[in-house]
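Notes follow once the structure below has been shown.
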Amino acid sequence: MTPEQSIAQDVAKNGYSLLSIADHKPPFAYTAGLMFTQGHPEVIIFGLPKSGPDILRAIVKLLHDGKRFDTAGEYGVLGVVRVATRPVHPTQHELYLGYAMGYCREQGRPGELQAVQVFWPDKQGRFPFTRDCDSKVWEAQPRLDQPIGPRELAEWRSQLDL
């Protein structure tokens with residue numbers, strides 16, 4: 001079974017597919033299919049290889065209950081876990097959300113991907129987009145709400161050709 005077939009099977013069965021990318025620095029997890037089953041942008045989280053997928057599953061459950069995470073803000077998930085979201089800039093999609101982009105193409109909606117990034121705070125409750133966030137927490141969560149330049153994208157594409 002190809003990855004694309006597996007994703008389509010997951011979406012048909014569960015309403016989404018959860019993809020974990022553990023070999024990336026920092027590791028990340030994201031969804032594919034929420035745009036079609038929940039009318040909600042896909043969600044992506046970095047730096048929590050074990051609990052990140054659990055946080056995404058909790059968000060999906062809250063989506064089923066009618067909660068939304070598509071506007072920038074702070075939210076409670078899993079009871080006491082506080083997260084924040086920011087929209088992912090479209091220039092970042094190709095770098096981190098390839099399978100979600102592919103699922104959109106297969107659904108006849110190429111170029112329409114929407115996603116939000118889920119951020120987790122440092123021990124003082126500061127997020128990577130706030131002042132004085134712990135540097136390790138900041139480094140574990142690249143800011144996908146910021147655009148990537150054409151040169152950076154070209155460099156990334158050239159690395160794929162190696």
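In the structure tokens, each chain is lettered A, B, ... as it comes, each chain's residues begin at 1, and ligands are numbered from 1 in order of appearance.
Residue neighbourhood of Asn14 of chain A, excluding near-sequence residues (fewer than 6 positions): Ala8, Gly33 and Thr37 of chain A, at 10 Å, using only C-alpha atoms.
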Dump as a PDB file, in the first residue's frame, selection limited to N, CA and C atoms:
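Output (again_32.pdb):
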ATOM      1  N   ALA A   8      -5.570   7.931   2.479  1.00  0.00           N
ATOM      2  CA  ALA A   8      -6.967   7.917   2.032  1.00  0.00           C
ATOM      3  C   ALA A   8      -7.791   6.920   2.847  1.00  0.00           C
ATOM      4  N   GLY A  33      -6.650  15.515   5.857  1.00  0.00           N
ATOM      5  CA  GLY A  33      -8.054  15.139   5.706  1.00  0.00           C
ATOM      6  C   GLY A  33      -9.044  15.977   6.480  1.00  0.00           C
ATOM      7  N   THR A  37     -13.234  16.569   6.005  1.00  0.00           N
ATOM      8  CA  THR A  37     -14.203  15.926   6.901  1.00  0.00           C
ATOM      9  C   THR A  37     -14.729  16.859   7.989  1.00  0.00           C
TER      10      THR A  37
END
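Look at Gln146 of chain A: the protein and nucleic acid residues within 10 Å of it, using only C-alpha atoms and passing over chain neighbours fewer than 2 places away, are A:Arg86, A:Pro87, A:Val88, A:His89, A:Pro90, A:Thr91, A:Gln92, A:Pro142, A:Arg143, A:Leu144, A:Ile148, A:Gly149.
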Pairwise distance for atom CA of Lys123 of chain A and atom CA of Leu97 of chain A, rounded to one decimal in Å: 28.3 Å
Would you list the contacts of Ile44 of chain A as a list in words, taking every protein, DNA or RNA residue within 6 Å and counting only C-alpha atoms, but skipping same-chain residues closer than 6 positions in sequence? Ala29, Tyr30, Gln117 and Val118 of chain A
Coordinates-based distance that separates atom CA of Phe28 of chain A from atom CA of Ile45 of chain A (Å, one decimal): 5.6 Å
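The spacing separating atom CA of His24 of chain A from atom CA of Lys61 of chain A amounts to 26.4 Å.
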List every residue of segment 16-96 of chain A that DSSP, applied to the backbone of this structure, places in alpha helix (DSSP H), and write the result as a PyMOL selection string. chain A and resi 34-37+52-64+93-96
Any idea what's packed within 7 Å of Tyr16 of chain A, counting only C-alpha atoms, ignoring anything in its chain fewer than 6 positions away? Could you give it as an MDAnalysis selection string? chainID A and resid 10 31:34
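Residue nearest Gly73 of chain A within the list A:Val137, A:Val116, A:Val43, A:Ala100: A:Val116 [criterion: smallest interatomic distance, only C-alpha atoms].
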Tell me which of A:Gln38, A:Gln114, A:Ser51, A:Thr2 sits closest to Ser20 of chain A, counting only C-alpha atoms. A:Ser51
Which residue is closest to Pro3 of chain A? Choose from A:Leu62, A:Glu106, A:Tyr99, A:Glu152 and count only C-alpha atoms. A:Tyr99
Need the shell around Gly76 of chain A: protein/DNA/RNA residues with any atom at most 12 Å away, counting only C-alpha atoms. Skip same-chain ones fewer than 4 positions apart. Format as a PDB file with C-alpha atoms, in the first residue's frame?
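Output file result-v6.pdb is given in full below:
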ATOM      1  CA  ILE A  55      -2.365  16.616  21.456  1.00  0.00           C
ATOM      2  CA  ALA A  58      -7.323  15.659  21.412  1.00  0.00           C
ATOM      3  CA  ILE A  59      -7.754  18.613  19.043  1.00  0.00           C
ATOM      4  CA  LEU A  62     -12.626  18.758  20.193  1.00  0.00           C
ATOM      5  CA  LYS A  67     -14.605  23.596  18.852  1.00  0.00           C
ATOM      6  CA  ARG A  68     -12.451  25.467  16.314  1.00  0.00           C
ATOM      7  CA  PHE A  69      -8.732  26.209  16.295  1.00  0.00           C
ATOM      8  CA  VAL A  80      -4.801  21.314  31.701  1.00  0.00           C
ATOM      9  CA  VAL A  81      -2.651  21.449  28.549  1.00  0.00           C
ATOM     10  CA  ARG A  82      -2.532  24.959  27.118  1.00  0.00           C
ATOM     11  CA  VAL A  83      -1.639  25.466  23.452  1.00  0.00           C
ATOM     12  CA  ALA A  84      -1.696  28.321  20.985  1.00  0.00           C
ATOM     13  CA  THR A  85      -2.337  28.311  17.256  1.00  0.00           C
ATOM     14  CA  VAL A 118      -0.093  24.253  17.348  1.00  0.00           C
ATOM     15  CA  PHE A 119       2.466  25.709  19.765  1.00  0.00           C
ATOM     16  CA  TRP A 120       3.206  24.588  23.330  1.00  0.00           C
ATOM     17  CA  PRO A 121       4.593  26.912  26.017  1.00  0.00           C
TER      18      PRO A 121
END
Run DSSP on the backbone and give me the residues of chain A it puts in strand (DSSP E), as a ChimeraX atom specification. /A:17-21,28-32,42-46,73-77,81-87,115-119
Please produce a file of the residues just selected, as a compact mmCIF listing (two decimals), in the first residue's frame, where the atoms kept are C-alpha atoms.
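Okay, result_38.txt is ready:
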# COMPACT_ATOMS: atom_id res chain seq x y z
CA SER A 17 -4.82 10.68 8.92
CA LEU A 18 -2.12 11.45 11.49
CA LEU A 19 1.42 11.56 10.15
CA SER A 20 4.44 11.51 12.47
CA ILE A 21 7.79 12.60 11.08
CA PHE A 28 6.73 16.86 14.03
CA ALA A 29 3.27 15.45 13.45
CA TYR A 30 0.38 16.69 11.34
CA THR A 31 -3.00 15.76 9.98
CA ALA A 32 -4.35 15.20 6.50
CA GLU A 42 -4.98 20.73 8.99
CA VAL A 43 -2.99 20.93 12.24
CA ILE A 44 0.76 20.51 12.78
CA ILE A 45 2.86 20.40 15.95
CA PHE A 46 6.65 20.28 16.43
CA GLY A 73 -5.35 32.20 19.95
CA GLU A 74 -4.75 30.18 23.09
CA TYR A 75 -6.77 27.07 23.87
CA GLY A 76 -7.04 24.34 26.48
CA VAL A 77 -6.75 20.72 25.36
CA VAL A 81 -2.65 21.45 28.55
CA ARG A 82 -2.53 24.96 27.12
CA VAL A 83 -1.64 25.47 23.45
CA ALA A 84 -1.70 28.32 20.98
CA THR A 85 -2.34 28.31 17.26
CA ARG A 86 -1.22 30.42 14.33
CA PRO A 87 -2.08 29.98 10.63
CA ALA A 115 -3.16 24.57 8.07
CA VAL A 116 -2.62 25.88 11.57
CA GLN A 117 0.41 25.29 13.74
CA VAL A 118 -0.09 24.25 17.35
CA PHE A 119 2.47 25.71 19.77
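Among the candidates A:His93, A:Arg126, A:His40, A:Lys136, the one nearest to Gly15 of chain A when counting only C-alpha atoms is A:His40.
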